[in-house]
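File shown here: upload-v7.cif, holding mmCIF, C-alpha atoms.
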data_protein
loop_
_atom_site.label_atom_id
_atom_site.label_comp_id
_atom_site.auth_asym_id
_atom_site.auth_seq_id
_atom_site.Cartn_x
_atom_site.Cartn_y
_atom_site.Cartn_z
CA MET A 1 -12.49 -11.30 33.86
CA ARG A 2 -12.62 -14.87 34.98
CA ALA A 3 -11.24 -17.54 32.69
CA ARG A 4 -13.77 -19.82 31.01
CA PRO A 5 -12.81 -23.45 31.66
CA SER A 6 -14.38 -24.50 28.37
CA GLU A 7 -11.73 -22.51 26.49
CA TYR A 8 -8.84 -24.49 27.97
CA GLU A 9 -7.52 -27.97 27.36
CA LEU A 10 -5.65 -29.88 30.06
CA VAL A 11 -4.31 -33.40 29.62
CA ALA A 12 -2.42 -35.69 31.97
CA PRO A 13 -0.53 -38.31 29.94
CA GLY A 14 0.70 -39.90 33.18
CA SER A 15 4.37 -40.51 32.34
CA LEU A 16 7.32 -38.31 31.44
CA PRO A 17 7.96 -39.98 28.04
CA ALA A 18 4.31 -39.44 27.11
CA VAL A 19 4.51 -35.77 28.13
CA LEU A 20 7.70 -35.30 26.09
CA GLU A 21 6.07 -37.00 23.09
CA LEU A 22 3.17 -34.57 23.26
CA LEU A 23 5.48 -31.55 23.57
CA ALA A 24 7.50 -32.81 20.57
CA SER A 25 4.41 -33.36 18.45
CA GLU A 26 3.41 -29.69 18.55
CA PRO A 27 6.38 -27.69 19.90
CA GLY A 28 5.29 -24.51 21.61
CA SER A 29 1.56 -25.33 21.71
CA TRP A 30 1.48 -27.12 25.05
CA MET A 31 2.32 -25.44 28.35
CA PRO A 32 3.48 -27.77 31.13
CA ILE A 33 1.75 -27.22 34.48
CA ALA A 34 2.92 -28.77 37.76
CA GLY A 35 1.44 -27.61 41.09
CA GLY A 36 -0.34 -24.62 39.56
CA THR A 37 0.78 -22.10 42.18
CA GLU A 38 1.78 -19.69 39.40
CA LEU A 39 -0.23 -20.67 36.32
CA MET A 40 -3.54 -21.18 38.15
CA VAL A 41 -3.23 -17.67 39.58
CA GLN A 42 -2.94 -16.29 36.04
CA TYR A 43 -5.74 -18.60 34.92
CA GLY A 44 -8.06 -17.50 37.73
CA ALA A 45 -7.55 -13.89 36.72
CA GLY A 46 -8.24 -14.67 33.06
CA LYS A 47 -4.65 -13.81 32.14
CA LEU A 48 -3.24 -17.21 31.19
CA GLY A 49 -2.21 -16.99 27.54
CA ALA A 50 -1.69 -20.71 27.02
CA ARG A 51 -4.86 -22.58 26.06
CA LYS A 52 -3.43 -26.11 25.96
CA LEU A 53 -1.81 -27.42 29.12
CA VAL A 54 -0.15 -30.69 29.98
CA SER A 55 0.04 -31.80 33.60
CA LEU A 56 3.37 -32.79 35.18
CA TRP A 57 1.79 -33.15 38.62
CA GLY A 58 2.46 -36.45 40.31
CA LEU A 59 4.83 -37.87 37.67
CA PRO A 60 7.00 -40.27 39.70
CA GLU A 61 10.03 -39.62 37.43
CA LEU A 62 10.10 -36.01 38.61
CA ARG A 63 9.37 -36.54 42.29
CA SER A 64 12.47 -38.23 43.74
CA ILE A 65 15.61 -37.01 45.51
CA GLU A 66 18.54 -39.35 44.89
CA SER A 67 22.22 -39.31 45.77
CA THR A 68 24.96 -40.60 43.48
CA ALA A 69 28.66 -40.67 44.30
CA GLN A 70 29.13 -37.11 43.01
CA GLU A 71 25.72 -35.48 43.05
CA VAL A 72 22.36 -35.04 44.68
CA LEU A 73 19.68 -35.23 41.99
CA ILE A 74 16.46 -33.45 42.84
CA GLY A 75 13.49 -34.20 40.60
CA ALA A 76 12.03 -30.97 39.21
CA GLY A 77 8.58 -31.97 40.42
CA CYS A 78 9.65 -32.07 44.07
CA THR A 79 7.57 -29.70 46.12
CA TYR A 80 8.91 -27.26 48.69
CA THR A 81 7.51 -29.63 51.31
CA ASP A 82 9.56 -32.48 49.78
CA LEU A 83 12.67 -30.26 50.03
CA ARG A 84 11.93 -29.29 53.63
CA ASN A 85 11.46 -32.92 54.66
CA ASP A 86 14.54 -34.36 52.96
CA PRO A 87 17.46 -35.07 55.33
CA VAL A 88 20.11 -34.86 52.58
CA VAL A 89 18.87 -31.44 51.47
CA ALA A 90 18.82 -30.27 55.09
CA ARG A 91 22.39 -31.45 55.69
CA GLU A 92 24.06 -30.52 52.41
CA PHE A 93 22.00 -27.60 51.12
CA PRO A 94 20.52 -25.78 54.11
CA LEU A 95 19.98 -22.62 52.08
CA LEU A 96 17.64 -24.54 49.78
CA ALA A 97 15.73 -26.07 52.70
CA ARG A 98 15.41 -22.64 54.29
CA ALA A 99 14.22 -21.04 51.05
CA ALA A 100 11.61 -23.80 50.73
CA SER A 101 10.41 -23.07 54.27
CA TRP A 102 9.76 -19.41 53.56
CA THR A 103 8.14 -19.82 50.16
CA GLY A 104 4.41 -18.98 50.24
CA SER A 105 2.35 -20.87 52.81
CA ILE A 106 2.15 -24.52 53.80
CA ALA A 107 -0.59 -25.05 51.20
CA ASN A 108 1.59 -23.47 48.51
CA GLN A 109 4.62 -25.48 49.66
CA ASN A 110 2.57 -28.65 49.23
CA ARG A 111 1.96 -27.82 45.57
CA GLY A 112 4.71 -25.48 44.35
CA THR A 113 7.68 -27.27 42.77
CA LEU A 114 11.36 -26.45 42.47
CA GLY A 115 11.24 -26.92 38.69
CA GLY A 116 8.25 -24.59 38.49
CA ASN A 117 10.05 -21.94 40.51
CA ILE A 118 12.99 -22.12 38.08
CA VAL A 119 10.97 -22.12 34.86
CA ASN A 120 8.74 -19.32 36.07
CA GLY A 121 11.94 -17.30 36.30
CA SER A 122 10.69 -14.59 38.59
CA PRO A 123 13.60 -12.47 39.86
CA ALA A 124 11.96 -12.91 43.28
CA GLY A 125 11.91 -16.73 43.20
CA ASP A 126 12.85 -17.76 46.73
CA SER A 127 14.93 -20.83 45.89
CA LEU A 128 16.93 -19.25 43.07
CA PRO A 129 19.75 -17.44 44.92
CA ALA A 130 20.45 -20.71 46.79
CA LEU A 131 20.71 -22.60 43.48
CA LEU A 132 23.17 -19.98 42.23
CA VAL A 133 25.54 -20.22 45.20
CA TYR A 134 25.39 -24.04 45.16
CA GLU A 135 26.22 -23.89 41.42
CA ALA A 136 23.32 -26.11 40.40
CA GLU A 137 23.11 -27.76 37.01
CA LEU A 138 19.80 -28.41 35.27
CA VAL A 139 19.06 -31.58 33.38
CA LEU A 140 16.64 -30.67 30.59
CA ALA A 141 14.66 -33.47 28.96
CA SER A 142 12.89 -33.70 25.62
CA ALA A 143 11.96 -36.49 23.22
CA ARG A 144 15.34 -35.73 21.60
CA GLY A 145 17.18 -36.72 24.79
CA THR A 146 18.65 -34.85 27.73
CA ARG A 147 21.18 -32.06 28.07
CA ARG A 148 22.78 -30.24 30.97
CA VAL A 149 22.80 -26.49 31.44
CA PRO A 150 24.52 -24.70 34.32
CA TYR A 151 21.73 -22.97 36.21
CA ILE A 152 23.59 -19.66 36.12
CA GLU A 153 23.19 -19.63 32.32
CA PHE A 154 19.52 -20.64 32.31
CA HIS A 155 17.82 -17.25 32.64
CA THR A 156 18.46 -15.10 29.59
CA GLY A 157 16.26 -12.13 30.53
CA TYR A 158 13.12 -11.23 32.44
CA LYS A 159 11.12 -14.48 32.49
CA GLN A 160 13.20 -15.71 29.53
CA THR A 161 15.05 -19.03 29.72
CA LYS A 162 17.08 -21.45 27.63
CA LEU A 163 14.30 -24.05 27.78
CA ALA A 164 13.32 -25.18 24.27
CA PRO A 165 9.58 -25.40 23.47
CA ASP A 166 9.70 -29.21 23.62
CA GLU A 167 11.72 -29.42 26.87
CA VAL A 168 11.01 -29.66 30.57
CA ILE A 169 13.40 -29.49 33.50
CA ARG A 170 13.83 -33.04 34.67
CA THR A 171 16.41 -32.75 37.43
CA ILE A 172 18.30 -30.19 39.48
CA ALA A 173 21.81 -31.56 40.09
CA LEU A 174 23.81 -30.30 43.05
CA GLN A 175 27.27 -31.22 44.28
CA PRO A 176 27.35 -31.96 48.01
CA ARG A 177 30.58 -30.09 48.81
CA PHE A 178 29.34 -27.14 50.82
CA ALA A 179 28.23 -28.72 54.11
CA ALA A 180 31.22 -27.22 55.97
CA TYR A 181 30.62 -23.72 54.57
CA HIS A 182 29.13 -20.92 56.62
CA ALA A 183 25.67 -20.54 55.09
CA TYR A 184 23.65 -17.34 55.23
CA SER A 185 20.37 -16.30 53.70
CA ARG A 186 17.82 -13.70 54.46
CA LYS A 187 14.61 -12.71 52.75
CA VAL A 188 13.21 -9.24 53.24
CA GLY A 189 9.46 -9.04 52.64
CA THR A 190 6.37 -7.43 54.09
CA ARG A 191 5.45 -10.37 56.33
CA ASN A 192 6.79 -13.84 57.07
CA ALA A 193 4.19 -15.97 55.31
CA GLN A 194 3.09 -15.49 51.71
CA ALA A 195 5.20 -12.39 51.04
CA ILE A 196 7.08 -12.04 47.78
CA ALA A 197 10.64 -10.90 48.42
CA LYS A 198 11.70 -7.27 48.17
CA LEU A 199 15.18 -8.69 48.37
CA CYS A 200 16.83 -12.03 49.14
CA LEU A 201 20.54 -12.67 49.69
CA ALA A 202 22.20 -16.08 49.84
CA GLY A 203 25.83 -16.46 50.87
CA LEU A 204 28.32 -19.28 51.37
CA ALA A 205 31.83 -18.85 52.70
CA LYS A 206 34.77 -20.86 53.94
CA THR A 207 37.20 -19.19 56.28
CA SER A 208 40.56 -20.10 57.73
CA GLY A 209 41.33 -18.02 60.80
CA ASN A 210 40.47 -14.49 59.76
CA LYS A 211 40.86 -15.15 56.04
CA ILE A 212 38.09 -15.71 53.50
CA GLU A 213 39.19 -18.72 51.47
CA ASP A 214 36.06 -19.10 49.35
CA VAL A 215 32.90 -17.07 49.03
CA ARG A 216 29.74 -17.21 46.92
CA LEU A 217 26.96 -14.63 46.91
CA ALA A 218 23.70 -14.39 44.99
CA ILE A 219 20.80 -12.01 45.23
CA GLY A 220 17.15 -12.17 44.21
CA SER A 221 14.66 -9.38 43.45
CA MET A 222 17.53 -7.04 42.62
CA ALA A 223 17.74 -7.33 38.84
CA VAL A 224 15.52 -8.81 36.11
CA THR A 225 16.91 -12.25 36.98
CA PRO A 226 18.47 -13.60 40.17
CA VAL A 227 22.20 -12.78 39.96
CA ARG A 228 25.50 -14.05 41.29
CA LEU A 229 27.59 -11.21 42.77
CA ARG A 230 30.94 -12.00 41.15
CA LYS A 231 32.61 -8.61 41.72
CA THR A 232 31.71 -8.60 45.37
CA GLU A 233 33.01 -12.14 45.68
CA GLU A 234 36.30 -11.11 44.00
CA ASN A 235 36.58 -8.19 46.37
CA LEU A 236 36.24 -10.51 49.37
CA LEU A 237 38.24 -13.52 48.20
CA GLY A 238 41.48 -14.03 50.12
CA ARG A 239 40.85 -10.99 52.30
CA GLU A 240 41.34 -10.89 56.05
CA TRP A 241 38.93 -9.33 58.49
CA SER A 242 39.51 -5.62 58.90
CA GLY A 243 37.50 -2.51 59.59
CA ALA A 244 37.62 -1.59 55.92
CA LEU A 245 36.40 -4.99 54.69
CA ILE A 246 32.71 -4.30 55.11
CA SER A 247 32.66 -0.82 53.62
CA GLU A 248 34.73 -1.91 50.63
CA ALA A 249 32.54 -4.97 50.07
CA ARG A 250 29.44 -2.76 50.21
CA GLN A 251 30.97 -0.47 47.61
CA ALA A 252 31.78 -3.44 45.39
CA LEU A 253 28.19 -4.63 45.69
CA GLU A 254 26.79 -1.20 44.86
CA SER A 255 29.04 -0.96 41.82
CA GLU A 256 27.91 -4.26 40.31
CA VAL A 257 24.13 -4.22 40.67
CA ALA A 258 21.50 -2.18 38.89
CA PRO A 259 18.49 -2.47 41.20
CA ILE A 260 14.96 -2.53 39.84
CA ASP A 261 12.10 -0.25 40.89
CA ASP A 262 8.81 -2.13 41.06
CA ILE A 263 5.55 -2.47 42.99
CA ARG A 264 7.28 -4.18 45.89
CA SER A 265 10.15 -1.81 46.52
CA SER A 266 12.36 0.99 45.21
CA ALA A 267 15.85 0.78 43.74
CA LEU A 268 17.25 2.97 46.51
CA TYR A 269 15.77 0.77 49.25
CA ARG A 270 17.02 -2.39 47.58
CA LEU A 271 20.56 -1.03 47.25
CA HIS A 272 20.72 0.02 50.88
CA VAL A 273 19.21 -3.18 52.26
CA ALA A 274 21.43 -5.34 50.05
CA GLY A 275 24.43 -3.68 51.66
CA ASN A 276 22.97 -4.30 55.11
CA LEU A 277 22.43 -7.98 54.36
CA LEU A 278 25.97 -8.31 53.01
CA GLN A 279 27.25 -6.71 56.20
CA GLU A 280 25.19 -9.09 58.33
CA PHE A 281 26.63 -12.04 56.38
CA LEU A 282 30.22 -10.81 56.89
CA GLU A 283 29.73 -10.02 60.56
CA GLY A 284 28.32 -13.52 61.09
CA LEU A 285 31.36 -14.96 59.35
CA PHE A 286 33.77 -13.46 61.87
CA ALA A 287 31.55 -13.45 64.94
CA MET B 1 -12.96 -28.18 24.46
CA SER B 2 -15.01 -31.00 25.84
CA ARG B 3 -15.95 -32.21 29.27
CA ARG B 4 -14.55 -35.42 30.62
CA GLU B 5 -15.20 -37.61 33.60
CA VAL B 6 -13.07 -37.17 36.69
CA SER B 7 -13.38 -39.48 39.69
CA PHE B 8 -12.29 -38.85 43.24
CA THR B 9 -13.32 -39.48 46.81
CA VAL B 10 -14.70 -36.61 48.87
CA ASN B 11 -15.21 -37.06 52.61
CA GLY B 12 -15.24 -40.80 52.14
CA ALA B 13 -17.76 -40.92 49.28
CA ALA B 14 -16.79 -41.77 45.70
CA HIS B 15 -17.82 -39.22 43.06
CA THR B 16 -17.55 -39.07 39.29
CA VAL B 17 -18.20 -35.68 37.76
CA SER B 18 -18.37 -34.54 34.15
CA VAL B 19 -16.24 -31.40 34.02
CA TYR B 20 -13.85 -29.33 31.96
CA PRO B 21 -10.37 -30.45 33.08
CA MET B 22 -9.23 -26.91 33.92
CA GLU B 23 -12.18 -26.21 36.22
CA ARG B 24 -10.94 -25.34 39.65
CA LEU B 25 -11.40 -28.01 42.30
CA LEU B 26 -12.98 -25.23 44.41
CA ASP B 27 -15.76 -24.67 41.87
CA VAL B 28 -16.38 -28.37 41.37
CA LEU B 29 -16.74 -28.92 45.12
CA ARG B 30 -19.10 -25.98 45.51
CA CYS B 31 -21.14 -26.11 42.31
CA GLU B 32 -21.13 -29.78 41.24
CA LEU B 33 -21.16 -31.40 44.68
CA GLY B 34 -22.92 -28.64 46.61
CA LEU B 35 -20.18 -28.54 49.23
CA THR B 36 -20.31 -24.81 49.83
CA GLY B 37 -18.47 -24.93 53.16
CA THR B 38 -15.24 -24.38 51.22
CA LYS B 39 -15.09 -20.63 50.55
CA GLU B 40 -13.48 -18.52 47.88
CA GLY B 41 -11.60 -15.53 49.22
CA CYS B 42 -8.90 -14.20 46.94
CA GLY B 43 -8.93 -16.85 44.23
CA GLU B 44 -5.15 -16.64 43.90
CA GLY B 45 -3.70 -18.83 46.63
CA GLU B 46 -3.01 -16.03 49.09
CA CYS B 47 -5.80 -16.23 51.67
CA GLY B 48 -6.38 -19.93 52.39
CA SER B 49 -10.20 -19.68 52.57
CA CYS B 50 -10.49 -22.51 50.03
CA SER B 51 -8.14 -24.87 51.91
CA VAL B 52 -8.96 -28.56 51.59
CA LEU B 53 -6.99 -31.74 52.11
CA MET B 54 -5.90 -33.56 48.96
CA ASN B 55 -4.33 -36.96 49.68
CA GLY B 56 -3.72 -35.67 53.20
CA GLN B 57 -1.93 -32.52 52.06
CA LEU B 58 -3.31 -29.04 52.69
CA VAL B 59 -3.92 -27.31 49.34
CA ASN B 60 -5.63 -24.20 48.06
CA SER B 61 -8.49 -25.65 46.01
CA CYS B 62 -8.66 -22.47 43.90
CA LEU B 63 -5.27 -23.43 42.43
CA VAL B 64 -6.01 -27.08 41.67
CA PRO B 65 -7.27 -27.88 38.17
CA VAL B 66 -9.80 -30.62 38.77
CA LEU B 67 -8.07 -33.07 36.43
CA GLN B 68 -5.15 -33.14 38.89
CA ALA B 69 -7.57 -34.43 41.54
CA GLN B 70 -8.30 -37.55 39.45
CA GLY B 71 -8.10 -40.50 41.84
CA ALA B 72 -7.42 -38.28 44.85
CA THR B 73 -8.87 -38.44 48.32
CA ILE B 74 -10.30 -35.04 49.22
CA GLY B 75 -11.30 -33.83 52.65
CA THR B 76 -13.46 -30.73 53.17
CA ILE B 77 -14.95 -28.99 56.19
CA GLU B 78 -18.21 -30.94 55.69
CA GLY B 79 -16.39 -34.19 56.39
CA LEU B 80 -15.13 -33.29 59.86
CA ALA B 81 -18.18 -33.51 62.12
CA GLY B 82 -19.36 -37.03 62.86
CA GLU B 83 -22.52 -38.53 64.22
CA SER B 84 -21.30 -37.84 67.73
CA GLY B 85 -20.97 -34.11 67.04
CA LEU B 86 -18.36 -31.59 66.05
CA HIS B 87 -14.74 -32.49 65.36
CA PRO B 88 -12.44 -31.56 68.31
CA VAL B 89 -10.91 -28.75 66.23
CA GLN B 90 -14.35 -27.29 65.47
CA GLN B 91 -15.25 -27.66 69.15
CA ALA B 92 -12.11 -25.75 70.14
CA PHE B 93 -12.84 -22.90 67.70
CA LEU B 94 -16.35 -22.68 69.20
CA LYS B 95 -15.06 -22.71 72.77
CA CYS B 96 -12.33 -20.11 72.18
CA GLY B 97 -14.35 -17.78 69.94
CA GLY B 98 -12.01 -18.46 67.03
CA ALA B 99 -14.49 -17.21 64.44
CA GLN B 100 -16.15 -13.93 63.69
CA CYS B 101 -17.61 -13.36 60.21
CA GLY B 102 -16.84 -16.97 59.35
CA ILE B 103 -15.50 -16.74 55.80
CA CYS B 104 -11.99 -17.79 56.77
CA THR B 105 -13.12 -20.34 59.34
CA PRO B 106 -13.42 -23.50 57.20
CA GLY B 107 -9.91 -22.87 55.85
CA MET B 108 -8.55 -22.16 59.32
CA VAL B 109 -10.08 -25.38 60.61
CA MET B 110 -8.71 -27.45 57.71
CA ALA B 111 -5.23 -25.93 58.16
CA THR B 112 -5.45 -26.80 61.86
CA VAL B 113 -6.49 -30.39 61.14
CA HIS B 114 -3.51 -30.67 58.76
CA LEU B 115 -1.11 -29.13 61.29
CA LEU B 116 -2.21 -31.33 64.18
CA GLY B 117 -2.07 -34.37 61.89
CA HIS B 118 1.71 -34.10 61.65
CA THR B 119 2.46 -31.96 64.72
CA PRO B 120 0.07 -33.04 67.49
CA ALA B 121 1.55 -30.71 70.13
CA PRO B 122 2.61 -27.56 68.27
CA THR B 123 4.36 -24.56 69.75
CA MET B 124 2.82 -21.13 69.13
CA GLU B 125 5.54 -20.63 66.49
CA GLN B 126 4.43 -23.80 64.71
CA VAL B 127 0.80 -22.72 64.94
CA ARG B 128 1.68 -19.38 63.36
CA GLU B 129 3.51 -21.13 60.54
CA GLY B 130 0.87 -23.80 60.04
CA LEU B 131 -1.87 -21.18 59.67
CA GLY B 132 0.37 -18.56 58.02
CA GLY B 133 -1.38 -19.00 54.69
CA ASN B 134 -4.84 -18.35 56.13
CA LEU B 135 -5.89 -14.73 56.40
CA CYS B 136 -8.51 -13.43 58.81
CA ARG B 137 -9.65 -9.81 58.69
CA CYS B 138 -11.82 -9.93 61.83
CA THR B 139 -10.31 -11.66 64.81
CA GLY B 140 -6.72 -10.48 64.95
CA TYR B 141 -5.76 -14.17 65.06
CA THR B 142 -5.27 -14.46 68.84
CA ARG B 143 -8.45 -16.43 69.48
CA ILE B 144 -7.83 -18.60 66.43
CA PHE B 145 -4.34 -19.51 67.61
CA ASN B 146 -5.68 -20.15 71.11
CA ALA B 147 -8.27 -22.47 69.58
CA VAL B 148 -5.53 -24.44 67.80
CA LEU B 149 -3.64 -24.85 71.07
CA GLU B 150 -6.88 -25.81 72.80
CA ALA B 151 -7.58 -28.42 70.15
CA ALA B 152 -4.05 -29.80 70.51
CA GLY B 153 -4.58 -30.07 74.26
CA SER B 154 -7.91 -31.83 73.85
CA GLN B 155 -6.35 -34.40 71.54
CA LYS B 156 -3.77 -35.49 74.08
#
Encoded form (structure tokens):
Amino acid sequence: MRARPSEYELVAPGSLPAVLELLASEPGSWMPIAGGTELMVQYGAGKLGARKLVSLWGLPELRSIESTAQEVLIGAGCTYTDLRNDPVVAREFPLLARAASWTGSIANQNRGTLGGNIVNGSPAGDSLPALLVYEAELVLASARGTRRVPYIEFHTGYKQTKLAPDEVIRTIALQPRFAAYHAYSRKVGTRNAQAIAKLCLAGLAKTSGNKIEDVRLAIGSMAVTPVRLRKTEENLLGREWSGALISEARQALESEVAPIDDIRSSALYRLHVAGNLLQEFLEGLFA
Amino acid sequence: MSRREVSFTVNGAAHTVSVYPMERLLDVLRCELGLTGTKEGCGEGECGSCSVLMNGQLVNSCLVPVLQAQGATIGTIEGLAGESGLHPVQQAFLKCGGAQCGICTPGMVMATVHLLGHTPAPTMEQVREGLGGNLCRCTGYTRIFNAVLEAAGSQK
């Protein structure tokens, strides 16, 4: 059943403080909406539970990418197109730029936002494994002030987050210290454009000769949230290239994940392909 | 909930409509302004049939609540042809047979106009990406992509 527009309220206060004031006045009653690439799909199908929405679209406070001495601060309202076009993101965080380029279509990239992708909390969110390996921090804003939460702690369950009812994500903070790392990511889906991932692996590594000095791995569409692969990382850290490296790393990966079965793929397929992607990452590291 | 006035420019003409703020831009264009060239395919941002330009950016109008178009400049398929005839992109689709049943065509043409706006001489790879969000169930895409390349050539 189609949604009836007359049953929904949408307001656009026009500034972040005004939005936060509204959220604080009736905590939990107003649902923020940015580019609508998720919520408008639910709305169109008559499945959007929220009846009162507040627009974040076009708020200048959320739409900038700035560099400080220590951090790159990405406004949560930046679209995937903004991320693709930003030279600092391309240089320092290529995995994020690449994830933006394979999210949805050009039309969706022009409207979908990084903050929206995070809040939506889909385990298949394309940008999320990249944020995990870059160890992003989120700046959450409310009328009470701001607070920082490491992104890895943000998702508490399937589509559950630490965001309070009166908060929005204001900024995604990233440290530009990975430009020299070998960066790998691969999304496995049914087609290049528009597909939602069956699996997505992001990897960063620093090597010295044949030795792995630092490694970070994260995977999407595997569990109920995107996850960092700590055990696999531990297995690889400090190791030198050998014939056994790949098979042991694959075993470590298989021991630490509990793959989901859903409409897009099976647990067995996910487990096998995850191992293949890990192998491709490691082979690229020592190629 | 009550209606409110929303103002925007469509194909160069200023409009003020009295609408519910969550109405989809797609429905307002078609039903309030009578611009039925913009089609609804899937209604969930997957097929690109409802593609329009909003402030120069390609968007799926089925996913835009009309309030977010307040003050925007909108371009639809109806705004392309001028007094001297079809837009070069439309001409190229005609010449190359880049349309069959026609439902996807307005979206394909708008995506092409957007692509050529920032990439005037695209490679086939760029054409495939630029139109990747527009689905066609008739043509098999080859003639559409050829039309895009034709249009790029004619714009040189």
### Task
Name all residues at most 8 Å from B:Gln68 (count only C-alpha atoms; drop same-chain ones fewer than 3 positions away) and give them as a ChimeraX atom specification.
/A:12,55,57 /B:64-65
### Selection result of the PyMOL selection byres ((chain A) within 8 of (chain B)) on this file, as a ChimeraX atom specification
/A:5-12,35-37,40-41,44,55,57,104-108,110-111,193-194
### Task
Could you tell me how far atom CA of A:Cys78 lies from atom CA of A:Ala124, in Å and to one decimal?
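These atoms are spaced 19.3 Å apart.
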### Task
Report as a list in words the full result of the PyMOL selection byres ((chain B and resi 35-39) around 8) when it is applied to this structure.
Leu26, Leu29, Arg30, Cys31, Leu33, Gly34, Glu40, Gly41, Ser49, Cys50, Ser51, Val52, Thr76, Ile77, Glu78, Ile103, Cys104, Pro106 and Gly107 of chain B
### Task
May I have the residues at most 8 Å from (24.2, -31.9, 48.4) in the file's coordinates, counting only C-alpha atoms, as a ChimeraX atom specification?
/A:71-72,88-89,91-93,174-179
### Query
If you apply the PyMOL selection byres ((chain A and resi 219) around 10) to this file, what residues do you get, as an NGL selection string?
:A and (123-124 or 126 or 128-130 or 132-133 or 185-187 or 199-203 or 217-218 or 220-223 or 225-229 or 257 or 274)
### Task
Take atom CA of A:Leu282 and atom CA of A:Ile246 and report the distance between them in Å, one decimal.
7.2 Å
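Taking atom CA of B:Met108 and atom CA of A:Ala90 as endpoints, the distance between them is 28.9 Å.
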Can you tell me, as AutoDock Vina command-line options, the centre and edge lengths (Å, one decimal) of the axis-aligned box enclosing all of stretch 143-156 of chain A's listed atoms after padding each side by 3 Å?
--center_x 18.2 --center_y -25.9 --center_z 28.9 --size_x 18.6 --size_y 27.6 --size_z 20.6
### Message
Which residue is closest to B:Met124? Choose from B:Val148, B:Gly140, B:Thr16, B:Gly85 and count all atoms listed in the file.
### Response
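Closest candidate: B:Val148.
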### Task
Considering all atoms listed in the file, return as a PyMOL selection string whatever protein or nucleic-acid residues lie within 8 Å of B:Leu149, sequence-local ones (same chain, fewer than 2 positions apart) excluded.
chain B and resi 121-122+124+127+145-147+151-153
### Query
Smallest atom-to-atom distance to A:Leu163: which of A:Leu236, A:Gly115, A:Arg191, A:Thr79, using only C-alpha atoms?
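Selected residue with least distance to A:Leu163: A:Gly115.
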### Query
Which residues come within 8 Å of A:Leu138, counting all atoms listed in the file, excluding same-chain residues fewer than 5 positions away, as a ChimeraX atom specification?
/A:148-151,169-173
### Query
Can you tell me, as a VMD selection string, what residues are no more than 8 Å from A:Thr161 when counting all atoms listed in the file, ignoring any on the same chain fewer than 6 positions away?
chain A and resid 119 121 154 to 155
For stretch 79-111 of chain B of the structure just presented, write C-alpha atoms to a file, as a PDB file, in the first residue's frame.
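The resulting file, result.pdb, is reproduced below:
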ATOM      1  CA  GLY B  79      12.620  21.202 -20.930  1.00  0.00           C
ATOM      2  CA  LEU B  80      15.158  19.777 -23.359  1.00  0.00           C
ATOM      3  CA  ALA B  81      13.712  20.417 -26.814  1.00  0.00           C
ATOM      4  CA  GLY B  82      13.854  24.035 -27.946  1.00  0.00           C
ATOM      5  CA  GLU B  83      12.157  26.026 -30.642  1.00  0.00           C
ATOM      6  CA  SER B  84      14.731  24.803 -33.119  1.00  0.00           C
ATOM      7  CA  GLY B  85      13.861  21.161 -32.452  1.00  0.00           C
ATOM      8  CA  LEU B  86      15.041  18.254 -30.376  1.00  0.00           C
ATOM      9  CA  HIS B  87      17.977  18.443 -27.983  1.00  0.00           C
ATOM     10  CA  PRO B  88      21.139  16.812 -29.449  1.00  0.00           C
ATOM     11  CA  VAL B  89      20.812  13.941 -26.968  1.00  0.00           C
ATOM     12  CA  GLN B  90      17.208  13.283 -28.032  1.00  0.00           C
ATOM     13  CA  GLN B  91      18.310  13.513 -31.665  1.00  0.00           C
ATOM     14  CA  ALA B  92      21.027  10.931 -31.040  1.00  0.00           C
ATOM     15  CA  PHE B  93      18.599   8.510 -29.352  1.00  0.00           C
ATOM     16  CA  LEU B  94      16.307   8.880 -32.380  1.00  0.00           C
ATOM     17  CA  LYS B  95      19.125   8.343 -34.860  1.00  0.00           C
ATOM     18  CA  CYS B  96      20.583   5.298 -33.075  1.00  0.00           C
ATOM     19  CA  GLY B  97      17.273   3.628 -32.182  1.00  0.00           C
ATOM     20  CA  GLY B  98      18.001   4.065 -28.482  1.00  0.00           C
ATOM     21  CA  ALA B  99      14.375   3.576 -27.466  1.00  0.00           C
ATOM     22  CA  GLN B 100      11.884   0.774 -27.715  1.00  0.00           C
ATOM     23  CA  CYS B 101       8.841   0.815 -25.414  1.00  0.00           C
ATOM     24  CA  GLY B 102       9.870   4.257 -24.191  1.00  0.00           C
ATOM     25  CA  ILE B 103       9.241   4.060 -20.451  1.00  0.00           C
ATOM     26  CA  CYS B 104      12.922   4.279 -19.546  1.00  0.00           C
ATOM     27  CA  THR B 105      13.765   6.781 -22.267  1.00  0.00           C
ATOM     28  CA  PRO B 106      13.171  10.105 -20.465  1.00  0.00           C
ATOM     29  CA  GLY B 107      15.350   8.889 -17.591  1.00  0.00           C
ATOM     30  CA  MET B 108      18.026   7.620 -19.968  1.00  0.00           C
ATOM     31  CA  VAL B 109      18.066  10.960 -21.753  1.00  0.00           C
ATOM     32  CA  MET B 110      18.277  12.946 -18.496  1.00  0.00           C
ATOM     33  CA  ALA B 111      21.113  10.710 -17.228  1.00  0.00           C
TER      34      ALA B 111
END
